[in-house]
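Peer 1: Once you've had a glance at the structure underneath, I'll fire off some questions.
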There are 2 protein chains.
Amino acid sequence: MRSEFELIRRHFTHPAPGTRLPVGDDCALMSPSPGQELAVSTDVLVAERHFFGNTDPYRLGRKSAAVNLSDAAAMGARPRWATLGITLSPAQDEPWVEAFARGFHEELQVHGTDWVGGDTTAGPVAMIAVTILAEVPPGQALLRSGAQPGDDIWVSGTPGDAGLGLKLLKENLAMSEEDRRHFLDRLETPTPRVMLGLALRGLAHAAIDISDGLLADLGHILDASGTGACLEFARIPLSKAMVRQQSLADWPLLVLSGGDDYELCFTAAPASASAIQRAAASADVPVARIGKVTDSSDRILYDGDGWPMVMAWQGFDHFRNV
Amino acid sequence: MRSEFELIRRHFTHPAPGTRLPVGDDCALMSPSPGQELAVSTDVLVAERHFFGNTDPYRLGRKSAAVNLSDAAAMGARPRWATLGITLSPAQDEPWVEAFARGFHEELQVHGTDWVGGDTTAGPVAMIAVTILAEVPPGQALLRSGAQPGDDIWVSGTPGDAGLGLKLLKENLAMSEEDRRHFLDRLETPTPRVMLGLALRGLAHAAIDISDGLLADLGHILDASGTGACLEFARIPLSKAMVRQQSLADWPLLVLSGGDDYELCFTAAPASASAIQRAAASADVPVARIGKVTDSSDRILYDGDGWPMVMAWQGFDHFRNV
């Protein structure tokens, strides 16, 4: 394996300027900032389950970094370092590996994160395991468990776009090339909301990133906080491209339960509303208030006319049947 | 996926007493010790490549932790936290997962390391990606690049036993049940030399763990340090069980190039020899001097009679043809 992957390993040995050692010793060495807590997350992506095998490798590299950076963002933590464990199947030739590594590296760099090491091996199917290490001042991490009754519920960006992008890959839908591009970009190159997460420290009571779908991930906050929620569907921001797809019967389902958006859903005291708008503006991300945390255990969703919508508060694994 | 793995996830959500958060938020949160450097390593194990699919899951769990703890040991770093990204195929039923998780957890606990999080997903083949986070005082990490001409070359334990264990799984060899058990234990439940690594801080000039084979891994030290070596085969310690297998034509090859031992190979000044013996005794691991670092680029190996042995200084991937 060593010999057959000598060339490929080259692409996984970028020097990491923030570390004392290049990739290649038994461990990478790094210097944590004094007095910070460390926030660590690991995500695994498997071909034909979390991504299509024919996904553009550069974009897959970016997304592999982005979904992990998003976990740091959801904690209000500053991502510093990442490791990559990757299993390559025979379908991943050297150009694939080069493009993947470039995308992975670039996405990390955008967010000031160093790629410090990892492991490359061969297997029957491509698998990508990323671990992100981030820093946050003690006590300032945004947890899922902090939502309080009376909090506003906020969401960044326009949920559902990535879900529609996935639908596009599975079905033949008629739409403009511009809209098609928008949805596919949102699916394949999501933007981790790292700056927003940092700006929400001290403001948000609870936060999560939307990987499973808005309702499902908000549900994780409600579960962890022991609270209920009352949402207004009409307040959820839609992209212009999504507005143009409203002939699709399931567009509301995509907005509410489509996964892979990597937007932030968070709660905060109503008195913080204008500070949150300023924080979001500083992070250059639109945010919207979409409901309220309640002290009941009910989870209620109103449509635009004030009628309750019947909707399962759970995500569905779009890729399950890929 | 979430639903089908709800039961299985249970086994991957042990509370981690050293962290502020149980597994389950976007990230795990932990408090690094003040003033320490962080040593981080990721290893990936793939079924039928790095382990046989029918390996006992409890022992596989232990080994999955051990091979990563060994990377920390080779740096002289104290392992603190680990994450596990695991892909489960249909062959991994719930009892398998329970046993794997128990082994993984127990091996970490032996070495004072907390399991802080990870990701569980489904795929066509079992894959295990572990990231270990360890701590070491600044400047005290044992690097591969520190070997100096004149250094003694040391090795812990009895190299080759794991390689013979693998041979046992592939070939039908006649030996006592006691010897068979010894070799299989060394292959399937290696002991990461964490205490020895810590005891070697300030004594060893360079260190590595033996995963690819003694000559290959010593070669990594020599490459990184720009030095040569002169080894005496007769000085390499052999287990009693190995001594009893000397009717096998390839036993010297296993000692020199068998992988998966997870012993430490290190270099140190001759003046440190008695301190190293004391350090090894304190860590309860036998160590032996097997040669010298030289200032040439030659890598020479003498047999017991003082004749050079012709031997490729590279590991071979035993599992390649599993």
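Order determines the names: the first chain of the structure tokens is A, the second B, and so forth; residues in each chain are numbered 1 upward, and ligands are numbered 1 upward as they are shown.
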Near chain A, which residues of chain B fall within 8 Å when you count only C-alpha atoms, and what do they look like as an MDAnalysis selection string?
Peer 2: chainID B and resid 1:2 25:32 34:44 46 49 71:72 74:75 83:87 117:125 129 131 143:144 208:209 317 320
Peer 1: Could the residues in this selection be written to a file with N, CA and C atoms, as a CSV table (one decimal), in the first residue's frame?
Peer 2:
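Generated file (out-v4.csv):
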chain,number,residue,atom,x,y,z
B,1,MET,N,-31.0,6.4,8.4
B,1,MET,CA,-29.9,6.0,9.1
B,1,MET,C,-30.0,6.2,10.6
B,2,ARG,N,-30.4,7.4,10.9
B,2,ARG,CA,-30.6,7.7,12.4
B,2,ARG,C,-31.4,6.6,13.1
B,25,ASP,N,-23.3,16.9,21.6
B,25,ASP,CA,-23.5,18.3,21.1
B,25,ASP,C,-22.7,18.3,19.7
B,26,ASP,N,-22.6,19.5,19.1
B,26,ASP,CA,-21.9,19.6,17.8
B,26,ASP,C,-20.5,19.3,18.0
B,27,CYS,N,-19.9,19.6,19.1
B,27,CYS,CA,-18.5,19.3,19.4
B,27,CYS,C,-18.4,18.8,20.8
B,28,ALA,N,-17.4,18.1,21.2
B,28,ALA,CA,-17.1,17.8,22.6
B,28,ALA,C,-16.2,19.0,23.0
B,29,LEU,N,-16.3,19.3,24.3
B,29,LEU,CA,-15.5,20.4,24.9
B,29,LEU,C,-14.6,19.9,25.9
B,30,MET,N,-13.3,20.3,25.9
B,30,MET,CA,-12.4,19.8,26.9
B,30,MET,C,-11.4,20.9,27.2
B,31,SER,N,-10.8,20.8,28.4
B,31,SER,CA,-9.9,21.8,28.9
B,31,SER,C,-8.4,21.3,28.8
B,32,PRO,N,-7.6,21.8,27.8
B,32,PRO,CA,-6.2,21.4,27.8
B,32,PRO,C,-5.5,21.9,29.0
B,34,PRO,N,-2.7,23.8,31.0
B,34,PRO,CA,-2.0,25.0,30.6
B,34,PRO,C,-0.6,24.7,30.2
B,35,GLY,N,-0.2,25.4,29.2
B,35,GLY,CA,1.2,25.4,28.8
B,35,GLY,C,1.7,24.2,28.1
B,36,GLN,N,0.8,23.3,27.7
B,36,GLN,CA,1.3,22.1,27.0
B,36,GLN,C,1.1,22.2,25.5
B,37,GLU,N,1.9,21.5,24.7
B,37,GLU,CA,1.6,21.4,23.3
B,37,GLU,C,0.6,20.2,23.1
B,38,LEU,N,-0.1,20.3,22.0
B,38,LEU,CA,-1.1,19.3,21.7
B,38,LEU,C,-0.5,18.4,20.6
B,39,ALA,N,-0.5,17.1,20.8
B,39,ALA,CA,0.0,16.1,19.8
B,39,ALA,C,-1.2,15.4,19.3
B,40,VAL,N,-1.4,15.4,17.9
B,40,VAL,CA,-2.7,14.9,17.4
B,40,VAL,C,-2.3,13.9,16.3
B,41,SER,N,-3.0,12.7,16.3
B,41,SER,CA,-2.8,11.7,15.2
B,41,SER,C,-4.1,11.1,14.8
B,42,THR,N,-4.2,10.8,13.6
B,42,THR,CA,-5.4,10.1,13.0
B,42,THR,C,-5.0,8.8,12.3
B,43,ASP,N,-5.6,7.7,12.6
B,43,ASP,CA,-5.3,6.4,11.9
B,43,ASP,C,-6.6,5.8,11.4
B,44,VAL,N,-6.6,5.2,10.3
B,44,VAL,CA,-7.7,4.6,9.7
B,44,VAL,C,-7.5,3.1,9.5
B,46,VAL,N,-9.3,-0.4,7.9
B,46,VAL,CA,-10.3,-0.9,7.0
B,46,VAL,C,-10.4,-2.4,7.1
B,49,ARG,N,-8.4,-5.4,5.1
B,49,ARG,CA,-7.1,-4.8,4.7
B,49,ARG,C,-6.2,-4.6,5.9
B,71,ASP,N,0.8,6.1,18.8
B,71,ASP,CA,1.4,7.3,18.2
B,71,ASP,C,1.7,8.3,19.2
B,72,ALA,N,0.8,8.5,20.2
B,72,ALA,CA,1.1,9.4,21.3
B,72,ALA,C,2.4,9.0,22.0
B,74,ALA,N,4.9,7.3,21.0
B,74,ALA,CA,6.1,7.5,20.2
B,74,ALA,C,6.5,9.0,20.2
B,75,MET,N,5.6,9.9,20.6
B,75,MET,CA,6.0,11.3,20.8
B,75,MET,C,6.4,11.7,22.2
B,83,THR,N,-11.4,10.5,19.6
B,83,THR,CA,-12.7,10.5,18.9
B,83,THR,C,-12.6,9.3,18.0
B,84,LEU,N,-13.8,8.8,17.7
B,84,LEU,CA,-14.0,7.6,16.8
B,84,LEU,C,-15.0,7.8,15.7
B,85,GLY,N,-14.6,7.8,14.5
B,85,GLY,CA,-15.5,7.8,13.4
B,85,GLY,C,-15.6,6.4,12.8
B,86,ILE,N,-16.7,5.8,12.8
B,86,ILE,CA,-16.8,4.4,12.4
B,86,ILE,C,-17.9,4.2,11.4
B,87,THR,N,-17.6,3.4,10.4
B,87,THR,CA,-18.6,3.0,9.4
B,87,THR,C,-18.9,1.5,9.6
B,117,GLY,N,-16.1,11.6,21.6
B,117,GLY,CA,-17.1,11.8,20.6
B,117,GLY,C,-16.8,11.1,19.3
B,118,GLY,N,-17.6,11.4,18.3
B,118,GLY,CA,-17.3,10.8,17.0
B,118,GLY,C,-18.5,10.7,16.1
B,119,ASP,N,-18.5,9.8,15.2
B,119,ASP,CA,-19.6,9.7,14.2
B,119,ASP,C,-19.8,8.3,13.8
B,120,THR,N,-21.0,7.8,13.7
B,120,THR,CA,-21.3,6.5,13.3
B,120,THR,C,-22.2,6.5,12.1
B,121,THR,N,-21.7,5.7,11.1
B,121,THR,CA,-22.5,5.7,9.8
B,121,THR,C,-22.5,4.3,9.3
B,122,ALA,N,-23.3,4.1,8.2
B,122,ALA,CA,-23.3,2.8,7.6
B,122,ALA,C,-22.6,2.9,6.3
B,123,GLY,N,-22.1,1.7,5.9
B,123,GLY,CA,-21.3,1.7,4.6
B,123,GLY,C,-21.2,0.2,4.2
B,124,PRO,N,-20.5,0.0,3.1
B,124,PRO,CA,-20.4,-1.4,2.6
B,124,PRO,C,-19.4,-2.2,3.3
B,125,VAL,N,-18.5,-1.6,4.1
B,125,VAL,CA,-17.4,-2.3,4.7
B,125,VAL,C,-17.1,-1.6,6.0
B,129,ALA,N,-11.9,5.1,12.0
B,129,ALA,CA,-11.0,6.2,12.0
B,129,ALA,C,-10.9,6.8,13.4
B,131,THR,N,-9.0,9.4,16.1
B,131,THR,CA,-8.1,10.6,16.3
B,131,THR,C,-7.7,10.6,17.8
B,143,LEU,N,10.7,13.5,18.6
B,143,LEU,CA,10.5,13.5,17.1
B,143,LEU,C,11.3,12.4,16.4
B,144,ARG,N,11.0,12.2,15.2
B,144,ARG,CA,11.8,11.3,14.4
B,144,ARG,C,13.1,11.8,14.0
B,208,ILE,N,10.0,6.4,17.5
B,208,ILE,CA,9.0,6.0,16.6
B,208,ILE,C,8.3,4.8,17.1
B,209,ASP,N,7.1,4.5,16.8
B,209,ASP,CA,6.5,3.2,17.1
B,209,ASP,C,6.6,2.3,15.9
B,317,ASP,N,3.5,-4.7,3.6
B,317,ASP,CA,2.1,-4.6,4.1
B,317,ASP,C,1.6,-6.0,4.1
B,320,ARG,N,-1.8,-6.8,2.8
B,320,ARG,CA,-2.2,-6.4,1.4
B,320,ARG,C,-3.0,-7.5,0.7
Peer 1: Which of segment 75-199 of chain A counts as strand (DSSP E) under DSSP, as a PyMOL selection string please?
Peer 2: chain A and resi 78-88+114-122+127-136+152-156
Peer 1: Atoms to include: C-alpha atoms. Write the selected residues as a PDB file, in the first residue's frame.
Peer 2:
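Written file, out-v5.pdb:
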ATOM      1  CA  ARG A  78     -12.780  29.176  16.248  1.00  0.00           C
ATOM      2  CA  PRO A  79     -11.546  26.296  14.096  1.00  0.00           C
ATOM      3  CA  ARG A  80      -7.768  25.956  14.251  1.00  0.00           C
ATOM      4  CA  TRP A  81      -6.692  22.505  13.061  1.00  0.00           C
ATOM      5  CA  ALA A  82      -8.050  19.579  11.079  1.00  0.00           C
ATOM      6  CA  THR A  83      -7.000  15.997  10.415  1.00  0.00           C
ATOM      7  CA  LEU A  84      -8.141  13.878   7.498  1.00  0.00           C
ATOM      8  CA  GLY A  85      -8.411  10.101   7.478  1.00  0.00           C
ATOM      9  CA  ILE A  86      -9.265   8.976   3.988  1.00  0.00           C
ATOM     10  CA  THR A  87      -9.893   5.619   2.362  1.00  0.00           C
ATOM     11  CA  LEU A  88      -9.495   5.605  -1.406  1.00  0.00           C
ATOM     12  CA  ASP A 114      -4.536  24.314   9.338  1.00  0.00           C
ATOM     13  CA  TRP A 115      -4.520  20.808   7.966  1.00  0.00           C
ATOM     14  CA  VAL A 116      -2.165  19.074  10.381  1.00  0.00           C
ATOM     15  CA  GLY A 117      -2.156  15.419   9.478  1.00  0.00           C
ATOM     16  CA  GLY A 118      -4.053  12.259   8.876  1.00  0.00           C
ATOM     17  CA  ASP A 119      -3.912   8.863   7.297  1.00  0.00           C
ATOM     18  CA  THR A 120      -4.429   7.621   3.755  1.00  0.00           C
ATOM     19  CA  THR A 121      -5.367   4.044   3.014  1.00  0.00           C
ATOM     20  CA  ALA A 122      -7.009   1.920   0.338  1.00  0.00           C
ATOM     21  CA  MET A 127     -14.584   7.177   2.967  1.00  0.00           C
ATOM     22  CA  ILE A 128     -13.622  10.512   4.472  1.00  0.00           C
ATOM     23  CA  ALA A 129     -13.215  11.056   8.227  1.00  0.00           C
ATOM     24  CA  VAL A 130     -12.411  14.600   9.310  1.00  0.00           C
ATOM     25  CA  THR A 131     -11.655  15.770  12.825  1.00  0.00           C
ATOM     26  CA  ILE A 132     -11.771  19.468  13.543  1.00  0.00           C
ATOM     27  CA  LEU A 133     -10.144  21.119  16.560  1.00  0.00           C
ATOM     28  CA  ALA A 134     -11.466  24.523  17.551  1.00  0.00           C
ATOM     29  CA  GLU A 135     -11.000  26.940  20.426  1.00  0.00           C
ATOM     30  CA  VAL A 136     -13.509  28.803  22.547  1.00  0.00           C
ATOM     31  CA  ASP A 152     -36.590  33.930  19.813  1.00  0.00           C
ATOM     32  CA  ILE A 153     -35.704  31.149  17.380  1.00  0.00           C
ATOM     33  CA  TRP A 154     -33.408  32.282  14.571  1.00  0.00           C
ATOM     34  CA  VAL A 155     -32.077  30.764  11.417  1.00  0.00           C
ATOM     35  CA  SER A 156     -29.339  31.942   9.065  1.00  0.00           C
TER      36      SER A 156
END
Peer 1: Counting only C-alpha atoms, figure out which residue out of B:Arg102, B:Arg62, B:Arg244, B:Arg235 gets nearest to Thr189 of chain B.
Peer 2: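 Once distances to Thr189 of chain B are computed over only C-alpha atoms, the minimum belongs to B:Arg62.
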Peer 1: Interatomic distance between atom CA of Asp151 of chain A and atom CA of Val287 of chain A?
Peer 2: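 Distance between the two atoms: 15.1 Å.
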Peer 1: When distances are computed from only C-alpha atoms, which of A:Leu187, A:Leu231, A:Met195, A:Leu173 shows the smallest separation from Leu301 of chain A?
Peer 2: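 Smallest distance to Leu301 of chain A is found for A:Leu231.
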Peer 1: At a cut-off of 7 Å, using only C-alpha atoms, what residues contact Glu263 of chain B? Leave out same-chain residues fewer than 2 positions from it and give the result as a short mmCIF file (atom, residue, chain, number, x, y, z; two decimals) with N, CA and C atoms, in the first residue's frame.
Peer 2:
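Saved file around-v1.cif follows:
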data_model
loop_
_atom_site.label_atom_id
_atom_site.label_comp_id
_atom_site.auth_asym_id
_atom_site.auth_seq_id
_atom_site.Cartn_x
_atom_site.Cartn_y
_atom_site.Cartn_z
N SER B 156 12.04 -1.57 22.38
CA SER B 156 11.33 -2.17 23.51
C SER B 156 10.74 -3.50 23.08
N GLY B 157 10.50 -4.36 24.06
CA GLY B 157 9.80 -5.62 23.80
C GLY B 157 10.53 -6.55 22.87
N ARG B 193 3.05 1.66 24.24
CA ARG B 193 4.08 1.91 25.26
C ARG B 193 4.03 3.34 25.77
N ASP B 209 7.09 4.49 16.76
CA ASP B 209 6.52 3.19 17.14
C ASP B 209 6.60 2.25 15.94
N ILE B 210 6.72 0.98 16.23
CA ILE B 210 6.94 -0.01 15.16
C ILE B 210 5.59 -0.51 14.67
N ASP B 261 3.82 -4.40 15.69
CA ASP B 261 4.30 -4.69 17.05
C ASP B 261 3.94 -3.58 18.05
N CYS B 265 10.92 2.17 19.02
CA CYS B 265 12.32 2.19 18.62
C CYS B 265 12.81 3.61 18.84
#
Peer 1: Using only C-alpha atoms, which protein or nucleic acid residues come within 6 Å of Tyr58 of chain A? Drop anything in the same chain fewer than 3 positions from it, and give the result as a VMD selection string.
Peer 2: chain A and resid 61 99 to 100 103
Peer 1: Neighbours of Ser297 of chain B within 10 Å (only C-alpha atoms; same-chain residues fewer than 2 positions away dropped), as a list of chain:residue names?
Peer 2: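 With the cut-off at 10 Å, the set is B:Leu222, B:Asp223, B:Gly226, B:Thr227, B:Gly228, B:Ala229, B:Val293, B:Thr294, B:Asp295, B:Arg299, B:Ile300.
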Peer 1: DSSP on the backbone, then: every residue of segment 20-73 of chain A marked helix (DSSP H, G or I), written as a PyMOL selection string.
Peer 2: chain A and resi 57-73
Peer 1: Tell me, as a PyMOL selection string, which residues lie within 8 Å of Ala204 of chain B, counting only C-alpha atoms; anything in the same chain fewer than 6 positions away does not count.
Peer 2: chain B and resi 142+266-269
Peer 1: Write a file of the just-selected residues containing N, CA and C atoms, as a compact mmCIF listing (two decimals), in the first residue's frame.
Peer 2:
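See part-v1.txt below for the written result:
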# COMPACT_ATOMS: atom_id res chain seq x y z
N LEU B 142 9.15 13.74 21.45
CA LEU B 142 10.17 12.89 20.84
C LEU B 142 9.89 12.83 19.34
N PHE B 266 13.95 3.76 19.52
CA PHE B 266 14.39 5.12 19.84
C PHE B 266 15.91 5.17 19.91
N THR B 267 16.42 6.38 19.86
CA THR B 267 17.87 6.56 19.96
C THR B 267 18.18 7.49 21.14
N ALA B 268 19.37 7.31 21.70
CA ALA B 268 19.76 8.13 22.84
C ALA B 268 21.28 8.12 22.98
N ALA B 269 21.80 9.12 23.65
CA ALA B 269 23.24 9.19 23.89
C ALA B 269 23.69 7.99 24.73
Peer 1: What's the separation between atom CA of Gly76 of chain A and atom CA of Pro57 of chain A, in Å to one decimal place?
Peer 2: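 It comes out at 28.8 Å.
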Peer 1: Hey, which of B:Ser272, B:Arg181, B:Met175, B:Arg289 ends up closest to Gln246 of chain B? Count only C-alpha atoms.
Peer 2: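 Looking only at the distances to Gln246 of chain B, the closest residue turns out to be B:Met175.
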Peer 1: Write out as a list in words each polymer residue whose atoms come within 10 Å of Asp185 of chain A, counting only C-alpha atoms; drop sequence neighbours fewer than 4 positions from it.
Peer 2: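 The residues that qualify are Arg59, Asp161, Ala162, Gly165, Asp179, Arg180, Arg181, Thr189, Pro190 and Thr191 of chain A.
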Peer 1: With C-alpha atoms retained, export the selected residues as a CSV table (one decimal), in the first residue's frame.
Peer 2:
chain,number,residue,atom,x,y,z
A,59,ARG,CA,-16.1,20.4,-4.4
A,161,ASP,CA,-31.8,25.0,-0.9
A,162,ALA,CA,-29.4,22.1,-0.4
A,165,GLY,CA,-30.1,20.5,-4.9
A,179,ASP,CA,-31.4,28.3,-10.4
A,180,ARG,CA,-30.0,24.8,-11.0
A,181,ARG,CA,-26.5,26.2,-10.3
A,189,THR,CA,-20.2,23.9,-1.5
A,190,PRO,CA,-22.1,24.9,1.6
A,191,THR,CA,-20.6,27.8,3.6
